[in-house]
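Data from protein.pdb: PDB, N, CA and C atoms and all ligand atoms
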```pdb
ATOM      1  N   MET A1044     -16.618  11.281 -24.571
ATOM      2  CA  MET A1044     -16.176  11.125 -25.960
ATOM      3  C   MET A1044     -17.142  11.887 -26.863
ATOM      4  N   SER A1045     -16.593  12.578 -27.829
ATOM      5  CA  SER A1045     -17.429  13.291 -28.790
ATOM      6  C   SER A1045     -17.029  12.824 -30.184
ATOM      7  N   LEU A1046     -17.998  12.248 -30.864
ATOM      8  CA  LEU A1046     -17.687  11.620 -32.148
ATOM      9  C   LEU A1046     -18.145  12.488 -33.312
ATOM     10  N   ARG A1047     -17.312  12.504 -34.338
ATOM     11  CA  ARG A1047     -17.624  13.278 -35.541
ATOM     12  C   ARG A1047     -17.568  12.353 -36.754
ATOM     13  N   PRO A1048     -18.643  12.297 -37.552
ATOM     14  CA  PRO A1048     -18.633  11.448 -38.740
ATOM     15  C   PRO A1048     -18.022  12.170 -39.937
ATOM     16  N   VAL A1049     -17.371  11.407 -40.778
ATOM     17  CA  VAL A1049     -16.808  11.936 -42.022
ATOM     18  C   VAL A1049     -17.242  11.021 -43.153
ATOM     19  N   VAL A1050     -17.853  11.588 -44.180
ATOM     20  CA  VAL A1050     -18.302  10.781 -45.319
ATOM     21  C   VAL A1050     -17.233  10.796 -46.406
ATOM     22  N   ASP A1051     -16.868   9.611 -46.868
ATOM     23  CA  ASP A1051     -15.985   9.485 -48.026
ATOM     24  C   ASP A1051     -16.857   9.581 -49.273
ATOM     25  N   GLU A1052     -16.789  10.727 -49.925
ATOM     26  CA  GLU A1052     -17.722  10.969 -51.036
ATOM     27  C   GLU A1052     -17.479  10.035 -52.211
ATOM     28  N   HIS A1053     -16.294   9.447 -52.284
ATOM     29  CA  HIS A1053     -16.025   8.510 -53.381
ATOM     30  C   HIS A1053     -16.608   7.135 -53.092
ATOM     31  N   GLU A1054     -16.827   6.844 -51.816
ATOM     32  CA  GLU A1054     -17.380   5.538 -51.437
ATOM     33  C   GLU A1054     -18.894   5.582 -51.274
ATOM     34  N   CYS A1055     -19.450   6.760 -51.047
ATOM     35  CA  CYS A1055     -20.885   6.876 -50.793
ATOM     36  C   CYS A1055     -21.669   6.478 -52.033
ATOM     37  N   ALA A1056     -22.579   5.519 -51.862
ATOM     38  CA  ALA A1056     -23.394   5.029 -52.975
ATOM     39  C   ALA A1056     -24.845   5.471 -52.822
ATOM     40  N   LEU A1057     -25.066   6.457 -51.959
ATOM     41  CA  LEU A1057     -26.387   7.079 -51.819
ATOM     42  C   LEU A1057     -27.481   6.128 -51.376
ATOM     43  N   HIS A1058     -27.139   5.152 -50.550
ATOM     44  CA  HIS A1058     -28.170   4.254 -50.040
ATOM     45  C   HIS A1058     -29.177   5.002 -49.169
ATOM     46  N   GLY A1059     -28.687   6.000 -48.453
ATOM     47  CA  GLY A1059     -29.573   6.794 -47.619
ATOM     48  C   GLY A1059     -29.776   6.261 -46.214
ATOM     49  N   ASP A1060     -29.184   5.134 -45.904
ATOM     50  CA  ASP A1060     -29.375   4.552 -44.572
ATOM     51  C   ASP A1060     -28.940   5.504 -43.468
ATOM     52  N   CYS A1061     -27.842   6.205 -43.693
ATOM     53  CA  CYS A1061     -27.323   7.099 -42.655
ATOM     54  C   CYS A1061     -28.349   8.183 -42.317
ATOM     55  N   ALA A1062     -28.981   8.737 -43.347
ATOM     56  CA  ALA A1062     -29.956   9.802 -43.126
ATOM     57  C   ALA A1062     -31.237   9.265 -42.498
ATOM     58  N   GLU A1063     -31.528   8.000 -42.720
ATOM     59  CA  GLU A1063     -32.694   7.405 -42.067
ATOM     60  C   GLU A1063     -32.422   7.193 -40.587
ATOM     61  N   VAL A1064     -31.220   6.727 -40.285
ATOM     62  CA  VAL A1064     -30.859   6.478 -38.887
ATOM     63  C   VAL A1064     -30.688   7.799 -38.135
ATOM     64  N   ALA A1065     -30.063   8.775 -38.781
ATOM     65  CA  ALA A1065     -29.739  10.033 -38.091
ATOM     66  C   ALA A1065     -30.028  11.222 -39.000
ATOM     67  N   PRO A1066     -31.304  11.549 -39.180
ATOM     68  CA  PRO A1066     -31.665  12.633 -40.110
ATOM     69  C   PRO A1066     -31.157  14.006 -39.683
ATOM     70  N   GLN A1067     -30.859  14.176 -38.396
ATOM     71  CA  GLN A1067     -30.331  15.473 -37.975
ATOM     72  C   GLN A1067     -28.829  15.588 -38.221
ATOM     73  N   VAL A1068     -28.210  14.469 -38.605
ATOM     74  CA  VAL A1068     -26.761  14.468 -38.810
ATOM     75  C   VAL A1068     -26.396  14.405 -40.296
ATOM     76  N   PHE A1069     -27.203  13.673 -41.068
ATOM     77  CA  PHE A1069     -26.861  13.480 -42.484
ATOM     78  C   PHE A1069     -28.006  13.941 -43.390
ATOM     79  N   ARG A1070     -27.625  14.504 -44.514
ATOM     80  CA  ARG A1070     -28.590  14.795 -45.558
ATOM     81  C   ARG A1070     -28.046  14.221 -46.856
ATOM     82  N   ILE A1071     -28.942  13.723 -47.688
ATOM     83  CA  ILE A1071     -28.511  13.156 -48.962
ATOM     84  C   ILE A1071     -28.619  14.217 -50.044
ATOM     85  N   ASP A1072     -27.480  14.629 -50.574
ATOM     86  CA  ASP A1072     -27.442  15.517 -51.741
ATOM     87  C   ASP A1072     -26.878  14.706 -52.895
ATOM     88  N   ASP A1073     -25.879  15.244 -53.559
ATOM     89  CA  ASP A1073     -25.171  14.460 -54.581
ATOM     90  C   ASP A1073     -24.441  13.303 -53.927
ATOM     91  N   VAL A1074     -23.993  13.528 -52.700
ATOM     92  CA  VAL A1074     -23.509  12.466 -51.813
ATOM     93  C   VAL A1074     -24.090  12.788 -50.442
ATOM     94  N   ALA A1075     -23.891  11.877 -49.499
ATOM     95  CA  ALA A1075     -24.324  12.176 -48.138
ATOM     96  C   ALA A1075     -23.436  13.280 -47.573
ATOM     97  N   VAL A1076     -24.051  14.275 -46.937
ATOM     98  CA  VAL A1076     -23.281  15.344 -46.314
ATOM     99  C   VAL A1076     -23.637  15.416 -44.832
ATOM    100  N   VAL A1077     -22.656  15.792 -44.039
ATOM    101  CA  VAL A1077     -22.861  15.945 -42.605
ATOM    102  C   VAL A1077     -23.427  17.332 -42.350
ATOM    103  N   ILE A1078     -24.597  17.387 -41.737
ATOM    104  CA  ILE A1078     -25.263  18.668 -41.527
ATOM    105  C   ILE A1078     -25.410  19.011 -40.047
ATOM    106  N   GLY A1079     -25.024  18.088 -39.188
ATOM    107  CA  GLY A1079     -25.207  18.384 -37.768
ATOM    108  C   GLY A1079     -24.491  17.372 -36.905
ATOM    109  N   THR A1080     -24.823  17.420 -35.623
ATOM    110  CA  THR A1080     -24.208  16.505 -34.680
ATOM    111  C   THR A1080     -25.300  15.730 -33.951
ATOM    112  N   GLY A1081     -24.885  14.782 -33.157
ATOM    113  CA  GLY A1081     -25.829  13.996 -32.389
ATOM    114  C   GLY A1081     -25.085  13.201 -31.343
ATOM    115  N   PRO A1082     -25.828  12.428 -30.566
ATOM    116  CA  PRO A1082     -25.196  11.597 -29.541
ATOM    117  C   PRO A1082     -24.217  10.600 -30.175
ATOM    118  N   ASP A1083     -23.184  10.263 -29.431
ATOM    119  CA  ASP A1083     -22.175   9.344 -29.945
ATOM    120  C   ASP A1083     -22.790   8.046 -30.451
ATOM    121  N   GLU A1084     -23.774   7.515 -29.697
ATOM    122  CA  GLU A1084     -24.373   6.233 -30.079
ATOM    123  C   GLU A1084     -25.057   6.352 -31.436
ATOM    124  N   LEU A1085     -25.663   7.507 -31.689
ATOM    125  CA  LEU A1085     -26.360   7.720 -32.955
ATOM    126  C   LEU A1085     -25.365   7.845 -34.112
ATOM    127  N   ILE A1086     -24.282   8.556 -33.875
ATOM    128  CA  ILE A1086     -23.243   8.692 -34.899
ATOM    129  C   ILE A1086     -22.702   7.312 -35.255
ATOM    130  N   MET A1087     -22.447   6.513 -34.223
ATOM    131  CA  MET A1087     -21.878   5.178 -34.467
ATOM    132  C   MET A1087     -22.894   4.278 -35.162
ATOM    133  N   ALA A1088     -24.158   4.366 -34.757
ATOM    134  CA  ALA A1088     -25.188   3.536 -35.386
ATOM    135  C   ALA A1088     -25.348   3.898 -36.861
ATOM    136  N   ALA A1089     -25.275   5.188 -37.170
ATOM    137  CA  ALA A1089     -25.395   5.613 -38.567
ATOM    138  C   ALA A1089     -24.210   5.109 -39.383
ATOM    139  N   ALA A1090     -23.025   5.220 -38.815
ATOM    140  CA  ALA A1090     -21.830   4.754 -39.528
ATOM    141  C   ALA A1090     -21.929   3.251 -39.788
ATOM    142  N   GLU A1091     -22.392   2.516 -38.777
ATOM    143  CA  GLU A1091     -22.489   1.057 -38.927
ATOM    144  C   GLU A1091     -23.597   0.668 -39.893
ATOM    145  N   SER A1092     -24.542   1.564 -40.130
ATOM    146  CA  SER A1092     -25.643   1.254 -41.043
ATOM    147  C   SER A1092     -25.246   1.406 -42.498
ATOM    148  N   CYS A1093     -24.125   2.044 -42.753
ATOM    149  CA  CYS A1093     -23.748   2.339 -44.138
ATOM    150  C   CYS A1093     -23.256   1.078 -44.842
ATOM    151  N   PRO A1094     -23.966   0.628 -45.875
ATOM    152  CA  PRO A1094     -23.570  -0.601 -46.579
ATOM    153  C   PRO A1094     -22.228  -0.465 -47.286
ATOM    154  N   SER A1095     -21.835   0.761 -47.592
ATOM    155  CA  SER A1095     -20.578   0.978 -48.317
ATOM    156  C   SER A1095     -19.402   1.259 -47.390
ATOM    157  N   VAL A1096     -19.659   1.260 -46.084
ATOM    158  CA  VAL A1096     -18.638   1.639 -45.098
ATOM    159  C   VAL A1096     -17.977   2.953 -45.523
ATOM    160  N   ALA A1097     -18.827   3.909 -45.914
ATOM    161  CA  ALA A1097     -18.329   5.195 -46.396
ATOM    162  C   ALA A1097     -18.219   6.224 -45.283
ATOM    163  N   ILE A1098     -18.671   5.861 -44.088
ATOM    164  CA  ILE A1098     -18.647   6.809 -42.982
ATOM    165  C   ILE A1098     -17.573   6.405 -41.982
ATOM    166  N   SER A1099     -16.592   7.272 -41.826
ATOM    167  CA  SER A1099     -15.601   7.097 -40.771
ATOM    168  C   SER A1099     -16.043   7.905 -39.573
ATOM    169  N   VAL A1100     -15.620   7.471 -38.400
ATOM    170  CA  VAL A1100     -15.969   8.191 -37.185
ATOM    171  C   VAL A1100     -14.686   8.587 -36.460
ATOM    172  N   ILE A1101     -14.601   9.887 -36.161
ATOM    173  CA  ILE A1101     -13.424  10.441 -35.494
ATOM    174  C   ILE A1101     -13.790  10.818 -34.062
ATOM    175  N   ASP A1102     -12.933  10.420 -33.132
ATOM    176  CA  ASP A1102     -13.065  10.880 -31.753
ATOM    177  C   ASP A1102     -12.425  12.264 -31.669
ATOM    178  N   GLU A1103     -13.243  13.277 -31.486
ATOM    179  CA  GLU A1103     -12.735  14.655 -31.544
ATOM    180  C   GLU A1103     -11.750  14.968 -30.430
ATOM    181  N   SER A1104     -11.855  14.265 -29.313
ATOM    182  CA  SER A1104     -10.967  14.591 -28.197
ATOM    183  C   SER A1104      -9.547  14.093 -28.445
ATOM    184  N   THR A1105      -9.402  13.038 -29.251
ATOM    185  CA  THR A1105      -8.067  12.495 -29.508
ATOM    186  C   THR A1105      -7.654  12.645 -30.964
ATOM    187  N   GLY A1106      -8.618  12.892 -31.857
ATOM    188  CA  GLY A1106      -8.322  12.949 -33.281
ATOM    189  C   GLY A1106      -8.224  11.583 -33.913
ATOM    190  N   GLU A1107      -8.448  10.538 -33.100
ATOM    191  CA  GLU A1107      -8.309   9.165 -33.616
ATOM    192  C   GLU A1107      -9.557   8.712 -34.334
ATOM    193  N   GLN A1108      -9.340   7.896 -35.369
ATOM    194  CA  GLN A1108     -10.462   7.264 -36.044
ATOM    195  C   GLN A1108     -10.872   6.041 -35.231
ATOM    196  N   VAL A1109     -12.159   5.987 -34.848
ATOM    197  CA  VAL A1109     -12.634   4.879 -34.019
ATOM    198  C   VAL A1109     -13.530   3.917 -34.785
ATOM    199  N   TYR A1110     -13.886   4.291 -36.018
ATOM    200  CA  TYR A1110     -14.643   3.398 -36.885
ATOM    201  C   TYR A1110     -14.340   3.784 -38.313
ATOM    202  N   PRO A1111     -14.252   2.866 -39.295
ATOM    203  CA  PRO A1111     -14.325   1.420 -39.094
ATOM    204  C   PRO A1111     -12.995   0.886 -38.567
TER     205      PRO A1111
HETATM  206  S1  LIG A1201     -25.450   5.116 -45.839
HETATM  207 FE1  LIG A1201     -23.366   5.338 -46.662
HETATM  208  S2  LIG A1201     -23.561   5.023 -48.859
HETATM  209 FE2  LIG A1201     -25.606   5.443 -48.042
HETATM  210  S3  LIG A1201     -25.880   7.642 -48.251
HETATM  211 FE3  LIG A1201     -25.068   7.291 -46.212
HETATM  212  S4  LIG A1201     -22.840   7.487 -46.463
HETATM  213 FE4  LIG A1201     -23.697   7.217 -48.497
END
```
Write the structure described by the file as structure tokens, please.
Ligand code: SF4
Amino acid sequence: MSLRPVVDEHECALHGDCAEVAPQVFRIDDVAVVIGTGPDELIMAAAESCPSVAISVIDESTGEQVYP
């Protein structure tokens, strides 16, 4: 499985948790932006860390949303 995070820029409240959990995947600009990839577990942990549930996770092999 290969997971890809997507940030909902309207929901992102700039808490920064995602970038703390996965600094190689997220950077905080005006909103959180996806800057890279990482292991599936890390992508999922970052998404689950977001207090605003602003990060969706897509399974690239199926196109399905697997989180939230
Ligand atoms: S943890 Fe969520 S709300 Fe905070 S910066 Fe990341 S995406 Fe935005």
Residue with smallest distance to Met1087 of chain A - pool A:Gly1106, A:Gly1059, A:Pro1066, A:Pro1111, counting only C-alpha atoms:
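Nearest candidate to Met1087 of chain A out of A:Gly1106, A:Gly1059, A:Pro1066, A:Pro1111: A:Pro1111.
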I'd like a table as a Markdown table: residues in chain A with an atom no more than 12 Å from ligand LIG 1201 (chain A), each row giving the shortest atom pair and its distance in Å to one decimal, only C-alpha atoms and all ligand atoms counted, sorted by chain and rising residue number.
```
| residue | atom | partner | partner_atom | distance |
| --- | --- | --- | --- | --- |
| A:Pro1048 | CA | A:LIG1201 | S4 | 9.6 |
| A:Val1049 | CA | A:LIG1201 | S4 | 8.7 |
| A:Val1050 | CA | A:LIG1201 | S4 | 5.7 |
| A:Asp1051 | CA | A:LIG1201 | S4 | 7.3 |
| A:Glu1052 | CA | A:LIG1201 | FE4 | 7.5 |
| A:His1053 | CA | A:LIG1201 | FE4 | 9.2 |
| A:Glu1054 | CA | A:LIG1201 | S2 | 6.7 |
| A:Cys1055 | CA | A:LIG1201 | FE4 | 3.6 |
| A:Ala1056 | CA | A:LIG1201 | S2 | 4.1 |
| A:Leu1057 | CA | A:LIG1201 | S3 | 3.6 |
| A:His1058 | CA | A:LIG1201 | FE2 | 3.5 |
| A:Gly1059 | CA | A:LIG1201 | S3 | 3.8 |
| A:Asp1060 | CA | A:LIG1201 | S1 | 4.2 |
| A:Cys1061 | CA | A:LIG1201 | S1 | 4.2 |
| A:Ala1062 | CA | A:LIG1201 | FE3 | 6.3 |
| A:Glu1063 | CA | A:LIG1201 | S1 | 8.5 |
| A:Val1064 | CA | A:LIG1201 | S1 | 8.9 |
| A:Ala1065 | CA | A:LIG1201 | FE3 | 9.8 |
| A:Pro1066 | CA | A:LIG1201 | FE3 | 10.5 |
| A:Val1068 | CA | A:LIG1201 | FE3 | 10.4 |
| A:Phe1069 | CA | A:LIG1201 | FE3 | 7.4 |
| A:Arg1070 | CA | A:LIG1201 | S3 | 8.1 |
| A:Ile1071 | CA | A:LIG1201 | S3 | 6.2 |
| A:Asp1072 | CA | A:LIG1201 | S3 | 8.8 |
| A:Asp1073 | CA | A:LIG1201 | S3 | 9.3 |
| A:Val1074 | CA | A:LIG1201 | FE4 | 6.2 |
| A:Ala1075 | CA | A:LIG1201 | S3 | 4.8 |
| A:Val1076 | CA | A:LIG1201 | S4 | 7.9 |
| A:Val1077 | CA | A:LIG1201 | S4 | 9.3 |
| A:Ile1086 | CA | A:LIG1201 | FE3 | 11.5 |
| A:Met1087 | CA | A:LIG1201 | S1 | 11.9 |
| A:Ala1088 | CA | A:LIG1201 | S1 | 10.6 |
| A:Ala1089 | CA | A:LIG1201 | S1 | 7.3 |
| A:Ala1090 | CA | A:LIG1201 | S1 | 7.3 |
| A:Glu1091 | CA | A:LIG1201 | S1 | 8.5 |
| A:Ser1092 | CA | A:LIG1201 | S1 | 6.2 |
| A:Cys1093 | CA | A:LIG1201 | S1 | 3.7 |
| A:Pro1094 | CA | A:LIG1201 | FE1 | 5.9 |
| A:Ser1095 | CA | A:LIG1201 | S2 | 5.1 |
| A:Val1096 | CA | A:LIG1201 | FE1 | 6.2 |
| A:Ala1097 | CA | A:LIG1201 | FE1 | 5.0 |
| A:Ile1098 | CA | A:LIG1201 | S4 | 5.5 |
| A:Ser1099 | CA | A:LIG1201 | S4 | 9.2 |
| A:Val1100 | CA | A:LIG1201 | S4 | 11.6 |
```
Step one, run DSSP on the backbone; step two, keep only residues of chain A assigned to strand (DSSP E or B); then write them as a ChimeraX atom specification.
/A:1046-1050,1069-1071,1075-1077,1098-1102,1107-1110
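Atom CA of Asp1083 of chain A is positioned 12.5 Å from atom CA of Ser1104 of chain A.
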Provide an axis-aligned box for all listed atoms of segment 1048-1067 of chain A, padding each side by 3 Å; report its centre and its edge lengths in Å to one decimal, as AutoDock Vina command-line options.
```
--center_x -24.3 --center_y 9.9 --center_z -45.5 --size_x 22.7 --size_y 17.3 --size_z 21.8
```
Identify all residues of chain A in alpha helix (DSSP H) (DSSP on the backbone) and supply them as a ChimeraX atom specification.
/A:1060-1064,1083-1092
Å distance separating atom C of Glu1084 of chain A from atom CA of Glu1103 of chain A, one decimal place
14.9 Å
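The residue set within 7 Å of Ile1101 of chain A, counting only C-alpha atoms and dropping same-chain residues fewer than 4 places from it, reads Leu1046, Arg1047, Pro1048, Gly1106, Glu1107, Gln1108 and Val1109 of chain A.
Computed from the coordinates, the atom CA of Gln1067 of chain A to atom N of Leu1085 of chain A distance equals 11.2 Å.
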